[in-house]
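To start, the structure under review is shown below, and the notes come after it.
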Amino acid sequence: MDERSWGAFATDLAEMARTLVVQETVQDTLDLIVDNAVRLVDGCDYAGVLTVEGGRKVRSLASTDKLVRESDAAQQRYGEGPCFDAALRFNEIYRIVDMTTRVDRWPRFAPHARKLGMGSMMGILLYTEDDNLGALNMYSTEQRKFTERSERAGWLLASHAAVALSSARSHAQLATALESRSDIGEALGIVMERYKVSENEAFAVLRKSSQDHNVKLRDVARQVATTGEIPGAR
């Protein structure tokens with residue numbers, strides 16, 4: 001990109017950031033991130049976001065094509081790959097310039113990706129000061145399409161995306177917490193009225209039902225609030 005192109009990219013990036021923060025769900029935010037990666041980063045034909053759980057299990061959170069999900073599955077199968085390492089080892093950027101050459105760092109994954117039709121790829125860590133959010137994966141069907149300038153553009157996009165994604169997750173967690181609190185409060189009131197017990201005694205009833213049935217307390221409370229029935233109550 002020349003300086004004029006960087007100016008246009010900065011404008012597009014700012015517009016993306018404004019759009020990301022008004023998405024209604026975490027999934028909407030993720031889908032918009034990968035769509036913008038394809039739209040804004042030169043050479044990017046496909047994009048996705050993955051996380052690595054328990055040091056091994058890969059979860060595909062968003063993708064623009066089934067080839068991305070197949071690549072995610074391959075990185076889990078082999079336990080290696082640019083995006084796998086970016087998410088697991090907290091390195092900001094990994095890049096395979098040319099899939100047709102020998103790739104010593106990922107000797108099993110790279111040939112598989114080449115068979116999928118990938119020519120080059122980047123894995124960029126999605127993170128904020130407080131959260132590791134996985135990795136943003138970018139793929140090109142051609143070799144040597146991702147350059148240092150591509151890395152810079154991808155890193156800038158990922159930085160904005162991580163802030164928006166962290167915010168979306170926080171809002172979702174807060175909404176869930178408030179909903180659970182409301183359900184628990186309503187369930188406590190039902191149990192207190194029905195059995196003429198104190199709030200502490202009503203909470204003990206809900207907690208015992210949760211433990212006996214191996215169901216989360218908020219789910220027991222939601223059932224009581226919705227149906228008036230306490231799981232396992234006699």
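We name chains A, B, ... following the order of the structure tokens; residues begin at 1 in each chain, and ligands are numbered from 1 as shown.
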Original post:
If you count only C-alpha atoms, which residues fall within 8 Å of Ala62 (chain A), apart from same-chain ones fewer than 5 positions away, as a ChimeraX atom specification?
Top reply: /A:27,30-31,34,48-50
Go ahead and write the residues just picked, all heavy atoms, as a compact mmCIF listing (two decimals), in the first residue's frame.
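So the final result, stored in selection26.txt, reads:
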# COMPACT_ATOMS: atom_id res chain seq x y z
N GLN A 27 -21.62 -13.27 18.25
CA GLN A 27 -21.47 -13.93 16.95
C GLN A 27 -21.55 -12.93 15.81
O GLN A 27 -20.80 -13.04 14.83
CB GLN A 27 -22.54 -15.01 16.77
CG GLN A 27 -22.30 -15.91 15.56
CD GLN A 27 -20.98 -16.65 15.65
OE1 GLN A 27 -20.71 -17.32 16.64
NE2 GLN A 27 -20.14 -16.51 14.63
N LEU A 30 -18.16 -11.37 15.62
CA LEU A 30 -17.18 -12.28 15.02
C LEU A 30 -17.35 -12.36 13.50
O LEU A 30 -16.37 -12.30 12.75
CB LEU A 30 -17.33 -13.67 15.63
CG LEU A 30 -16.81 -13.85 17.06
CD1 LEU A 30 -17.40 -15.10 17.68
CD2 LEU A 30 -15.29 -13.91 17.06
N ASP A 31 -18.60 -12.49 13.06
CA ASP A 31 -18.86 -12.61 11.62
C ASP A 31 -18.42 -11.35 10.88
O ASP A 31 -17.87 -11.42 9.76
CB ASP A 31 -20.34 -12.87 11.38
CG ASP A 31 -20.78 -14.24 11.85
OD1 ASP A 31 -19.91 -15.12 12.01
OD2 ASP A 31 -22.00 -14.44 12.06
N VAL A 34 -14.46 -11.23 10.44
CA VAL A 34 -13.87 -12.03 9.35
C VAL A 34 -14.27 -11.47 7.98
O VAL A 34 -13.47 -11.50 7.04
CB VAL A 34 -14.24 -13.52 9.48
CG1 VAL A 34 -13.64 -14.09 10.76
CG2 VAL A 34 -15.74 -13.75 9.45
N GLY A 48 -11.02 -16.40 9.23
CA GLY A 48 -11.75 -17.04 10.31
C GLY A 48 -11.18 -16.66 11.65
O GLY A 48 -10.09 -16.08 11.74
N VAL A 49 -11.92 -16.98 12.70
CA VAL A 49 -11.44 -16.80 14.07
C VAL A 49 -11.55 -18.14 14.79
O VAL A 49 -12.59 -18.82 14.71
CB VAL A 49 -12.27 -15.74 14.83
CG1 VAL A 49 -11.86 -15.70 16.31
CG2 VAL A 49 -12.10 -14.36 14.20
N LEU A 50 -10.49 -18.53 15.46
CA LEU A 50 -10.50 -19.76 16.24
C LEU A 50 -9.97 -19.51 17.64
O LEU A 50 -9.28 -18.53 17.90
CB LEU A 50 -9.70 -20.88 15.55
CG LEU A 50 -8.19 -20.73 15.34
CD1 LEU A 50 -7.38 -20.90 16.63
CD2 LEU A 50 -7.70 -21.76 14.33
**OP:** Quick one: everything within 8 Å of Leu20 (chain A), counting only C-alpha atoms, minus sequence neighbours fewer than 6 positions away in the same chain. Send it as JSON, numbers by chain.
**Re:** {"A": [29, 32, 33, 161, 164]}
**OP:** Please provide as a VMD selection string all residues within 8 Å of region 86-93 of chain A, with the sequence filter that same-chain residues fewer than 5 positions apart are discarded (counting only C-alpha atoms).
**Re:** chain A and resid 50 to 52 55 122 to 126 132 to 135 151 155
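If only C-alpha atoms are the atoms counted, then among A:Gly185, A:Gly43, A:Gly117, A:Pro107 the closest residue to Glu80 (chain A) is A:Pro107.
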Subject >> Residue with smallest distance to Ser182 (chain A) - pool A:Val103, A:Ala221, A:Ala74, A:Met138, counting only C-alpha atoms >> reply: A:Ala221
**OP:** Pull the alpha helix (DSSP H) assignments for region 2-119 of chain A out of DSSP run on the backbone, and list those residues as JSON, numbers by chain.
**Re:** {"A": [3, 4, 5, 6, 7, 8, 9, 10, 11, 12, 13, 14, 15, 16, 17, 18, 19, 20, 26, 27, 28, 29, 30, 31, 32, 33, 34, 35, 36, 37, 38, 39, 40, 66, 67, 68, 69, 70, 71, 72, 73, 74, 75, 76, 77, 78, 82, 83, 84, 85, 86, 87, 88, 89, 109, 110, 111, 112, 113, 114, 115]}
**OP:** From region 10-171 of chain A, collect each residue whose DSSP state is strand (DSSP E) and return the set as a PyMOL selection string.
**Re:** chain A and resi 46-53+57-63+93-96+120-127+132-140
Subject >> 8 Å contact set for region 38-40 of chain A, only C-alpha atoms, chain neighbours under 3 positions out, as a PyMOL selection string >> reply: chain A and resi 9+12-13+34-35+44-47+138
**OP:** Skip region 109-113 of chain A itself and residues of its chain fewer than 6 positions away, then list as a ChimeraX atom specification all residues within 10 Å of it, counting only C-alpha atoms.
**Re:** /A:67-68,70-72,74-82,96,98-103,119-121,139
Keeping only N, CA and C atoms, write the selected residues as a PDB file, in the first residue's frame.
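So the final result, stored in part34.pdb, reads:
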ATOM      1  N   LEU A  67     -13.518 -23.988   3.837  1.00  0.00           N
ATOM      2  CA  LEU A  67     -12.092 -24.286   3.807  1.00  0.00           C
ATOM      3  C   LEU A  67     -11.394 -23.810   5.077  1.00  0.00           C
ATOM      4  N   VAL A  68     -11.879 -22.715   5.649  1.00  0.00           N
ATOM      5  CA  VAL A  68     -11.304 -22.204   6.900  1.00  0.00           C
ATOM      6  C   VAL A  68     -11.565 -23.198   8.025  1.00  0.00           C
ATOM      7  N   GLU A  70     -12.089 -26.376   7.697  1.00  0.00           N
ATOM      8  CA  GLU A  70     -11.277 -27.559   7.430  1.00  0.00           C
ATOM      9  C   GLU A  70      -9.829 -27.338   7.857  1.00  0.00           C
ATOM     10  N   SER A  71      -9.340 -26.130   7.642  1.00  0.00           N
ATOM     11  CA  SER A  71      -7.988 -25.788   8.085  1.00  0.00           C
ATOM     12  C   SER A  71      -7.902 -25.798   9.610  1.00  0.00           C
ATOM     13  N   ASP A  72      -8.934 -25.252  10.282  1.00  0.00           N
ATOM     14  CA  ASP A  72      -8.961 -25.272  11.752  1.00  0.00           C
ATOM     15  C   ASP A  72      -8.906 -26.715  12.264  1.00  0.00           C
ATOM     16  N   ALA A  74      -7.667 -29.290  10.765  1.00  0.00           N
ATOM     17  CA  ALA A  74      -6.341 -29.845  10.506  1.00  0.00           C
ATOM     18  C   ALA A  74      -5.339 -29.369  11.553  1.00  0.00           C
ATOM     19  N   GLN A  75      -5.431 -28.114  11.966  1.00  0.00           N
ATOM     20  CA  GLN A  75      -4.516 -27.608  12.988  1.00  0.00           C
ATOM     21  C   GLN A  75      -4.736 -28.325  14.316  1.00  0.00           C
ATOM     22  N   GLN A  76      -5.991 -28.665  14.611  1.00  0.00           N
ATOM     23  CA  GLN A  76      -6.242 -29.454  15.817  1.00  0.00           C
ATOM     24  C   GLN A  76      -5.682 -30.860  15.664  1.00  0.00           C
ATOM     25  N   ARG A  77      -5.898 -31.473  14.492  1.00  0.00           N
ATOM     26  CA  ARG A  77      -5.456 -32.849  14.268  1.00  0.00           C
ATOM     27  C   ARG A  77      -3.941 -32.974  14.428  1.00  0.00           C
ATOM     28  N   TYR A  78      -3.209 -32.020  13.864  1.00  0.00           N
ATOM     29  CA  TYR A  78      -1.755 -32.090  13.901  1.00  0.00           C
ATOM     30  C   TYR A  78      -1.146 -31.372  15.108  1.00  0.00           C
ATOM     31  N   GLY A  79      -1.951 -30.565  15.796  1.00  0.00           N
ATOM     32  CA  GLY A  79      -1.429 -29.809  16.931  1.00  0.00           C
ATOM     33  C   GLY A  79      -0.418 -28.768  16.529  1.00  0.00           C
ATOM     34  N   GLU A  80      -0.593 -28.194  15.327  1.00  0.00           N
ATOM     35  CA  GLU A  80       0.348 -27.190  14.833  1.00  0.00           C
ATOM     36  C   GLU A  80      -0.325 -26.344  13.757  1.00  0.00           C
ATOM     37  N   GLY A  81       0.290 -25.210  13.494  1.00  0.00           N
ATOM     38  CA  GLY A  81      -0.216 -24.299  12.470  1.00  0.00           C
ATOM     39  C   GLY A  81      -0.095 -22.860  12.936  1.00  0.00           C
ATOM     40  N   PRO A  82      -0.068 -21.909  12.015  1.00  0.00           N
ATOM     41  CA  PRO A  82       0.092 -20.495  12.376  1.00  0.00           C
ATOM     42  C   PRO A  82      -0.968 -19.982  13.344  1.00  0.00           C
ATOM     43  N   ILE A  96       2.938 -17.928   6.820  1.00  0.00           N
ATOM     44  CA  ILE A  96       3.515 -18.837   5.833  1.00  0.00           C
ATOM     45  C   ILE A  96       3.467 -18.110   4.498  1.00  0.00           C
ATOM     46  N   ASP A  98       4.764 -19.083   1.493  1.00  0.00           N
ATOM     47  CA  ASP A  98       4.539 -19.916   0.307  1.00  0.00           C
ATOM     48  C   ASP A  98       4.321 -21.357   0.749  1.00  0.00           C
ATOM     49  N   MET A  99       3.106 -21.848   0.562  1.00  0.00           N
ATOM     50  CA  MET A  99       2.767 -23.212   0.967  1.00  0.00           C
ATOM     51  C   MET A  99       3.461 -24.274   0.099  1.00  0.00           C
ATOM     52  N   THR A 100       3.955 -23.887  -1.075  1.00  0.00           N
ATOM     53  CA  THR A 100       4.567 -24.867  -1.971  1.00  0.00           C
ATOM     54  C   THR A 100       6.008 -25.186  -1.586  1.00  0.00           C
ATOM     55  N   THR A 101       6.585 -24.398  -0.690  1.00  0.00           N
ATOM     56  CA  THR A 101       7.942 -24.661  -0.222  1.00  0.00           C
ATOM     57  C   THR A 101       7.891 -25.425   1.097  1.00  0.00           C
ATOM     58  N   ARG A 102       9.001 -25.960   1.518  1.00  0.00           N
ATOM     59  CA  ARG A 102       9.066 -26.694   2.777  1.00  0.00           C
ATOM     60  C   ARG A 102       8.872 -25.731   3.949  1.00  0.00           C
ATOM     61  N   VAL A 103       7.974 -26.096   4.855  1.00  0.00           N
ATOM     62  CA  VAL A 103       7.697 -25.264   6.020  1.00  0.00           C
ATOM     63  C   VAL A 103       8.114 -26.052   7.257  1.00  0.00           C
ATOM     64  N   GLY A 119      -2.466 -20.971  -0.656  1.00  0.00           N
ATOM     65  CA  GLY A 119      -1.127 -20.644  -1.121  1.00  0.00           C
ATOM     66  C   GLY A 119      -0.270 -19.979  -0.068  1.00  0.00           C
ATOM     67  N   SER A 120      -0.902 -19.190   0.814  1.00  0.00           N
ATOM     68  CA  SER A 120      -0.192 -18.533   1.919  1.00  0.00           C
ATOM     69  C   SER A 120      -1.215 -18.177   2.994  1.00  0.00           C
ATOM     70  N   MET A 121      -0.716 -17.906   4.187  1.00  0.00           N
ATOM     71  CA  MET A 121      -1.648 -17.620   5.280  1.00  0.00           C
ATOM     72  C   MET A 121      -0.959 -16.857   6.394  1.00  0.00           C
ATOM     73  N   TYR A 139      -6.244 -16.286   4.841  1.00  0.00           N
ATOM     74  CA  TYR A 139      -5.745 -17.211   3.832  1.00  0.00           C
ATOM     75  C   TYR A 139      -5.783 -16.576   2.444  1.00  0.00           C
TER      76      TYR A 139
END
Original post:
Can you list, as a count of residues only, every protein, DNA or RNA residue that comes within 8 Å of Gly154 (chain A) when you count only C-alpha atoms, leaving out same-chain residues fewer than 4 positions away?
Top reply: 5
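If only C-alpha atoms are the atoms counted, then among A:Glu229, A:Asp183, A:Asp28, A:Asp42 the closest residue to Ser63 (chain A) is A:Asp28.
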